[in-house]
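*Asks:* The structure follows.
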Amino acid sequence: MKLLILNGPNLNLLGRREPEIYGTGTYADLCRIIEDHANHLGIEVEIFQSNHEGDLVDRIQAAYGAIDGLILNPAAYTHTSIALLDALLALQIPAVEVHISQVDDREPFRRISYIRQACLATISGHGFAGYLEAMDLLVNSEVQS
Ligand code: DQA
């Protein structure tokens, strides 16, 4: 099984970026715990971060037929991007939406997620552990199907 993990704008600044909201772990720390968990689960994982909406759309399109599941934290594009929603709807890859912070308890504009309707589940407010929960969820849904 191979999972693709996509991270949107400013997540490369984790550790420096609003640590009271996102914690002090860096983006490299996040990648390391994801890779360790993939090893533990015995699956392959690819992690991609971009600050550009079109790059994320391109990466989703390129994943078609090549991956079994997608974990997405589109960051600010969550709240704005119909293009990401359309890419998910077009390709129908099992996807889980992840947010490090609890978006529903923050500013009202963060309660809107364009991609949610194309995802199996949303995990929000569990910090970096949310990515690992999303991996477990996709692995278990594959086993059951
Ligand atoms: C985020 C929440 C978004 O509202 C914000 O724009 C981000 C990160 C999160 O992981 O909590 O950049 O997706």
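Following the order of the structure tokens, chains are lettered A, B, ..., residues in each are numbered from 1, and ligands are numbered from 1.
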Given a cut-off of 10 Å, what residues near ligand 1 show up using only C-alpha atoms and all ligand atoms, put as an NGL selection string?
*Replies:* :A and (7-14 or 17 or 21-22 or 72-80 or 97-104 or 106-113 or 123-128 or 130)
*Asks:* Extract, using only C-alpha atoms, all DNA, RNA and protein residues at most 8 Å from Tyr64 in chain A, discarding same-chain residues fewer than 4 positions from it, and format them as a tab-separated table (two decimals) with C-alpha atoms, in the first residue's frame.
*Replies:*
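Everything below was put into result30.tsv:
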```tsv
chain	number	residue	atom	x	y	z
A	60	ILE	CA	-3.12	14.96	-6.91
A	91	LEU	CA	-9.87	11.21	-9.26
A	93	ILE	CA	-8.84	8.48	-4.49
```
*Asks:* Residues of range 11-144 of chain A in strand (DSSP E or B) according to DSSP, as a list in words?
*Replies:*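 Strand (DSSP E or B) assignments inside range 11-144 of chain A correspond to Glu44, Val45, Glu46, Ile47, Phe48, Gln49, Gly69, Leu70, Ile71, Leu72, Asn73, Ala95, Val96, Glu97, Val98, His99, Ala121, Thr122, Ile123 and Ser124 of chain A.
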*Asks:* Under the rule that only C-alpha atoms are counted, which of A:Leu89, A:Leu132, A:Leu84, A:Ile5 is the nearest residue to Asp68 in chain A?
*Replies:*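 Of A:Leu89, A:Leu132, A:Leu84, A:Ile5, the one nearest Asp68 in chain A, counting only C-alpha atoms, is A:Ile5.
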*Asks:* Go through A:Cys119, A:Ala38, A:Leu56, A:Ile67 and flag the residue nearest Met135 in chain A, using only C-alpha atoms for the distances.
*Replies:*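 Looking at the shortest contact to Met135 in chain A, the residue is A:Ala38.
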*Asks:* Rounded to one decimal, what separation in Å do you get between CA of Met1 in chain A and CA of Arg32 in chain A?
*Replies:* 18.7 Å
*Asks:* Of the candidates A:Leu6, A:Leu137, A:Glu142, A:Ala95, which shows the shortest atom-to-atom distance to Phe48 in chain A, using only C-alpha atoms?
*Replies:* A:Leu6
*Asks:* Hey, can you check how far CA of Asp55 in chain A sits from CA of Leu70 in chain A?
*Replies:* 15.2 Å
*Asks:* For Val96 in chain A, work out the shell of residues within 6 Å, counting only C-alpha atoms and skipping chain neighbours fewer than 3 positions away, then give it as a VMD selection string.
*Replies:* chain A and resid 71 119 to 122
*Asks:* Output all heavy atoms for every residue in that selection, as a PDB file, in the first residue's frame.
*Replies:*
```
ATOM      1  N   ILE A  71      -3.653  11.727   2.078  1.00  0.00           N
ATOM      2  CA  ILE A  71      -3.889  12.496   3.304  1.00  0.00           C
ATOM      3  C   ILE A  71      -3.539  13.936   2.969  1.00  0.00           C
ATOM      4  O   ILE A  71      -2.451  14.207   2.453  1.00  0.00           O
ATOM      5  CB  ILE A  71      -3.034  11.947   4.461  1.00  0.00           C
ATOM      6  CG1 ILE A  71      -3.513  10.529   4.794  1.00  0.00           C
ATOM      7  CG2 ILE A  71      -3.113  12.862   5.684  1.00  0.00           C
ATOM      8  CD1 ILE A  71      -2.609   9.767   5.748  1.00  0.00           C
ATOM      9  N   CYS A 119     -13.816  13.897   1.127  1.00  0.00           N
ATOM     10  CA  CYS A 119     -12.951  13.099   2.013  1.00  0.00           C
ATOM     11  C   CYS A 119     -13.764  12.100   2.828  1.00  0.00           C
ATOM     12  O   CYS A 119     -14.906  12.356   3.182  1.00  0.00           O
ATOM     13  CB  CYS A 119     -12.183  14.031   2.958  1.00  0.00           C
ATOM     14  SG  CYS A 119     -11.002  15.078   2.092  1.00  0.00           S
ATOM     15  N   LEU A 120     -13.128  10.975   3.141  1.00  0.00           N
ATOM     16  CA  LEU A 120     -13.770   9.951   3.977  1.00  0.00           C
ATOM     17  C   LEU A 120     -13.966  10.452   5.397  1.00  0.00           C
ATOM     18  O   LEU A 120     -14.896  10.045   6.085  1.00  0.00           O
ATOM     19  CB  LEU A 120     -12.867   8.701   4.086  1.00  0.00           C
ATOM     20  CG  LEU A 120     -12.527   7.910   2.850  1.00  0.00           C
ATOM     21  CD1 LEU A 120     -11.510   6.840   3.198  1.00  0.00           C
ATOM     22  CD2 LEU A 120     -13.813   7.291   2.331  1.00  0.00           C
ATOM     23  N   ALA A 121     -13.025  11.268   5.864  1.00  0.00           N
ATOM     24  CA  ALA A 121     -13.059  11.748   7.249  1.00  0.00           C
ATOM     25  C   ALA A 121     -12.220  13.011   7.362  1.00  0.00           C
ATOM     26  O   ALA A 121     -11.377  13.285   6.506  1.00  0.00           O
ATOM     27  CB  ALA A 121     -12.480  10.675   8.174  1.00  0.00           C
ATOM     28  N   THR A 122     -12.487  13.754   8.449  1.00  0.00           N
ATOM     29  CA  THR A 122     -11.674  14.922   8.788  1.00  0.00           C
ATOM     30  C   THR A 122     -11.148  14.729  10.198  1.00  0.00           C
ATOM     31  O   THR A 122     -11.912  14.383  11.094  1.00  0.00           O
ATOM     32  CB  THR A 122     -12.529  16.208   8.733  1.00  0.00           C
ATOM     33  OG1 THR A 122     -12.979  16.398   7.400  1.00  0.00           O
ATOM     34  CG2 THR A 122     -11.733  17.432   9.176  1.00  0.00           C
TER      35      THR A 122
END
```
*Asks:* Got a sec: who's within 6 Å of Thr26 in chain A, counting only C-alpha atoms, leaving out chain neighbours fewer than 2 positions off, as a PDB file with N, CA, C and O atoms, in the first residue's frame?
*Replies:*
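Output contents, as saved in around-v7.pdb:
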```pdb
ATOM      1  N   LEU A  14       6.443  25.074  10.164  1.00  0.00           N
ATOM      2  CA  LEU A  14       6.087  24.503  11.477  1.00  0.00           C
ATOM      3  C   LEU A  14       7.289  24.574  12.409  1.00  0.00           C
ATOM      4  O   LEU A  14       8.431  24.358  11.996  1.00  0.00           O
ATOM      5  N   GLY A  15       6.991  24.838  13.675  1.00  0.00           N
ATOM      6  CA  GLY A  15       8.062  24.999  14.662  1.00  0.00           C
ATOM      7  C   GLY A  15       8.333  26.470  14.934  1.00  0.00           C
ATOM      8  O   GLY A  15       8.503  26.876  16.066  1.00  0.00           O
ATOM      9  N   ALA A  28      10.313  18.987   9.561  1.00  0.00           N
ATOM     10  CA  ALA A  28      11.165  17.784   9.490  1.00  0.00           C
ATOM     11  C   ALA A  28      10.741  16.772  10.551  1.00  0.00           C
ATOM     12  O   ALA A  28      10.734  15.561  10.300  1.00  0.00           O
ATOM     13  N   ASP A  29      10.369  17.255  11.737  1.00  0.00           N
ATOM     14  CA  ASP A  29       9.878  16.347  12.796  1.00  0.00           C
ATOM     15  C   ASP A  29       8.605  15.643  12.324  1.00  0.00           C
ATOM     16  O   ASP A  29       8.436  14.434  12.530  1.00  0.00           O
TER      17      ASP A  29
END
```
*Asks:* Quick one: everything within 10 Å of Asp86 in chain A, counting only C-alpha atoms, minus sequence neighbours fewer than 4 positions away in the same chain. Send it as a list of chain:residue names.
*Replies:*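 Here the qualifying residues turn out to be A:Val57, A:Ser81, A:Ile82, A:Ala90, A:Leu91, A:Gln92, A:Tyr114, A:Ile115, A:Ala118.
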*Asks:* Write the residues you've just listed into a file as a PDB file, in the first residue's frame, and include C-alpha atoms for each of them.
*Replies:*
```
ATOM      1  CA  VAL A  57      -3.514  20.039  -7.911  1.00  0.00           C
ATOM      2  CA  SER A  81      -9.834  26.053  -3.071  1.00  0.00           C
ATOM      3  CA  ILE A  82     -12.513  24.698  -5.361  1.00  0.00           C
ATOM      4  CA  ALA A  90     -12.282  13.876 -10.492  1.00  0.00           C
ATOM      5  CA  LEU A  91      -9.874  11.214  -9.265  1.00  0.00           C
ATOM      6  CA  GLN A  92     -11.909   9.552  -6.487  1.00  0.00           C
ATOM      7  CA  TYR A 114     -14.187  23.000   0.385  1.00  0.00           C
ATOM      8  CA  ILE A 115     -12.463  19.629   0.334  1.00  0.00           C
ATOM      9  CA  ALA A 118     -14.602  14.689  -1.048  1.00  0.00           C
TER      10      ALA A 118
END
```
*Asks:* Among range 12-110 of chain A, which ones does DSSP place in helix (DSSP H, G or I), written as a PyMOL selection string?
*Replies:* chain A and resi 12-13+19-22+27-41+53-63+75-79+82-91+103-105+108-110
*Asks:* Put those residues in a file: N, CA and C atoms, as a compact mmCIF listing (two decimals), in the first residue's frame.
*Replies:*
```txt
# COMPACT_ATOMS: atom_id res chain seq x y z
N ASN A 12 5.61 24.32 5.89
CA ASN A 12 7.07 24.19 5.95
C ASN A 12 7.66 25.02 7.10
N LEU A 13 6.86 25.95 7.64
CA LEU A 13 7.34 26.82 8.73
C LEU A 13 6.97 26.28 10.12
N PRO A 19 3.67 28.94 17.35
CA PRO A 19 3.83 27.70 18.11
C PRO A 19 2.72 27.45 19.14
N GLU A 20 2.06 28.55 19.57
CA GLU A 20 0.96 28.37 20.53
C GLU A 20 -0.24 27.68 19.88
N ILE A 21 -0.29 27.71 18.53
CA ILE A 21 -1.39 27.05 17.82
C ILE A 21 -0.92 25.71 17.24
N TYR A 22 0.29 25.72 16.62
CA TYR A 22 0.73 24.54 15.87
C TYR A 22 1.78 23.70 16.60
N TYR A 27 8.69 20.96 10.60
CA TYR A 27 8.19 20.18 9.46
C TYR A 27 9.01 18.88 9.32
N ALA A 28 10.31 18.99 9.56
CA ALA A 28 11.16 17.78 9.49
C ALA A 28 10.74 16.77 10.55
N ASP A 29 10.37 17.25 11.74
CA ASP A 29 9.88 16.35 12.80
C ASP A 29 8.60 15.64 12.32
N LEU A 30 7.71 16.43 11.70
CA LEU A 30 6.45 15.85 11.21
C LEU A 30 6.74 14.74 10.18
N CYS A 31 7.63 15.04 9.24
CA CYS A 31 7.96 14.04 8.20
C CYS A 31 8.55 12.79 8.85
N ARG A 32 9.37 12.98 9.86
CA ARG A 32 10.01 11.83 10.50
C ARG A 32 8.99 10.93 11.21
N ILE A 33 8.03 11.54 11.92
CA ILE A 33 7.06 10.67 12.63
C ILE A 33 6.15 9.96 11.63
N ILE A 34 5.87 10.63 10.50
CA ILE A 34 5.04 9.98 9.46
C ILE A 34 5.81 8.79 8.88
N GLU A 35 7.10 9.00 8.59
CA GLU A 35 7.90 7.90 8.01
C GLU A 35 8.07 6.75 8.99
N ASP A 36 8.28 7.09 10.26
CA ASP A 36 8.40 6.03 11.29
C ASP A 36 7.10 5.22 11.37
N HIS A 37 5.96 5.94 11.31
CA HIS A 37 4.68 5.24 11.41
C HIS A 37 4.43 4.37 10.17
N ALA A 38 4.85 4.87 9.01
CA ALA A 38 4.71 4.07 7.78
C ALA A 38 5.53 2.78 7.90
N ASN A 39 6.74 2.89 8.44
CA ASN A 39 7.57 1.69 8.65
C ASN A 39 6.88 0.72 9.58
N HIS A 40 6.32 1.26 10.66
CA HIS A 40 5.62 0.44 11.64
C HIS A 40 4.43 -0.29 10.99
N LEU A 41 3.72 0.43 10.09
CA LEU A 41 2.54 -0.17 9.44
C LEU A 41 2.93 -1.07 8.26
N GLU A 53 -1.00 26.48 -4.96
CA GLU A 53 -2.22 25.69 -5.16
C GLU A 53 -2.11 24.77 -6.38
N GLY A 54 -1.61 25.30 -7.49
CA GLY A 54 -1.53 24.51 -8.72
C GLY A 54 -0.59 23.31 -8.58
N ASP A 55 0.46 23.48 -7.79
CA ASP A 55 1.39 22.35 -7.56
C ASP A 55 0.67 21.22 -6.82
N LEU A 56 -0.20 21.61 -5.88
CA LEU A 56 -0.94 20.58 -5.13
C LEU A 56 -1.93 19.87 -6.05
N VAL A 57 -2.59 20.64 -6.93
CA VAL A 57 -3.51 20.04 -7.91
C VAL A 57 -2.74 19.09 -8.83
N ASP A 58 -1.59 19.53 -9.32
CA ASP A 58 -0.76 18.68 -10.20
C ASP A 58 -0.37 17.38 -9.49
N ARG A 59 -0.04 17.49 -8.22
CA ARG A 59 0.41 16.31 -7.46
C ARG A 59 -0.73 15.32 -7.27
N ILE A 60 -1.94 15.85 -7.04
CA ILE A 60 -3.12 14.96 -6.91
C ILE A 60 -3.36 14.26 -8.25
N GLN A 61 -3.31 15.02 -9.34
CA GLN A 61 -3.54 14.41 -10.66
C GLN A 61 -2.50 13.34 -10.97
N ALA A 62 -1.26 13.61 -10.62
CA ALA A 62 -0.18 12.66 -10.92
C ALA A 62 -0.32 11.39 -10.09
N ALA A 63 -1.05 11.49 -8.97
CA ALA A 63 -1.19 10.34 -8.07
C ALA A 63 -2.18 9.30 -8.60
N ALA A 75 -3.92 23.36 4.36
CA ALA A 75 -3.68 24.61 5.09
C ALA A 75 -4.70 25.66 4.64
N ALA A 76 -4.27 26.88 4.33
CA ALA A 76 -5.23 27.94 4.00
C ALA A 76 -6.07 27.61 2.77
N TYR A 77 -5.54 26.78 1.85
CA TYR A 77 -6.33 26.44 0.65
C TYR A 77 -7.56 25.59 0.99
N THR A 78 -7.57 25.00 2.18
CA THR A 78 -8.77 24.29 2.65
C THR A 78 -9.99 25.18 2.52
N HIS A 79 -9.79 26.45 2.89
CA HIS A 79 -10.91 27.36 3.05
C HIS A 79 -11.22 28.15 1.79
N ILE A 82 -11.61 25.58 -4.61
CA ILE A 82 -12.51 24.70 -5.36
C ILE A 82 -11.68 23.82 -6.30
N ALA A 83 -10.51 24.31 -6.71
CA ALA A 83 -9.64 23.53 -7.61
C ALA A 83 -9.19 22.23 -6.94
N LEU A 84 -8.86 22.30 -5.66
CA LEU A 84 -8.46 21.07 -4.95
C LEU A 84 -9.66 20.13 -4.80
N LEU A 85 -10.81 20.69 -4.48
CA LEU A 85 -12.03 19.85 -4.40
C LEU A 85 -12.26 19.15 -5.74
N ASP A 86 -12.20 19.91 -6.82
CA ASP A 86 -12.47 19.32 -8.14
C ASP A 86 -11.48 18.21 -8.48
N ALA A 87 -10.21 18.40 -8.10
CA ALA A 87 -9.20 17.36 -8.37
C ALA A 87 -9.56 16.09 -7.60
N LEU A 88 -9.98 16.25 -6.34
CA LEU A 88 -10.35 15.07 -5.53
C LEU A 88 -11.58 14.39 -6.11
N LEU A 89 -12.57 15.20 -6.52
CA LEU A 89 -13.80 14.62 -7.08
C LEU A 89 -13.50 13.91 -8.40
N ALA A 90 -12.60 14.46 -9.18
CA ALA A 90 -12.28 13.88 -10.49
C ALA A 90 -11.61 12.52 -10.32
N LEU A 91 -10.72 12.41 -9.33
CA LEU A 91 -9.87 11.21 -9.26
C LEU A 91 -10.40 10.15 -8.32
N VAL A 103 -9.70 23.56 13.78
CA VAL A 103 -10.15 24.67 12.93
C VAL A 103 -11.55 25.17 13.31
N ASP A 104 -12.39 24.29 13.82
CA ASP A 104 -13.76 24.71 14.14
C ASP A 104 -13.83 25.64 15.36
N ASP A 105 -12.76 25.67 16.15
CA ASP A 105 -12.74 26.55 17.33
C ASP A 105 -11.97 27.85 17.06
N PRO A 108 -14.18 32.18 12.19
CA PRO A 108 -15.28 31.58 11.42
C PRO A 108 -14.87 31.14 10.01
N PHE A 109 -13.95 31.87 9.35
CA PHE A 109 -13.60 31.48 7.98
C PHE A 109 -12.89 30.13 7.93
N ARG A 110 -12.33 29.70 9.06
CA ARG A 110 -11.65 28.39 9.07
C ARG A 110 -12.62 27.24 9.22
```
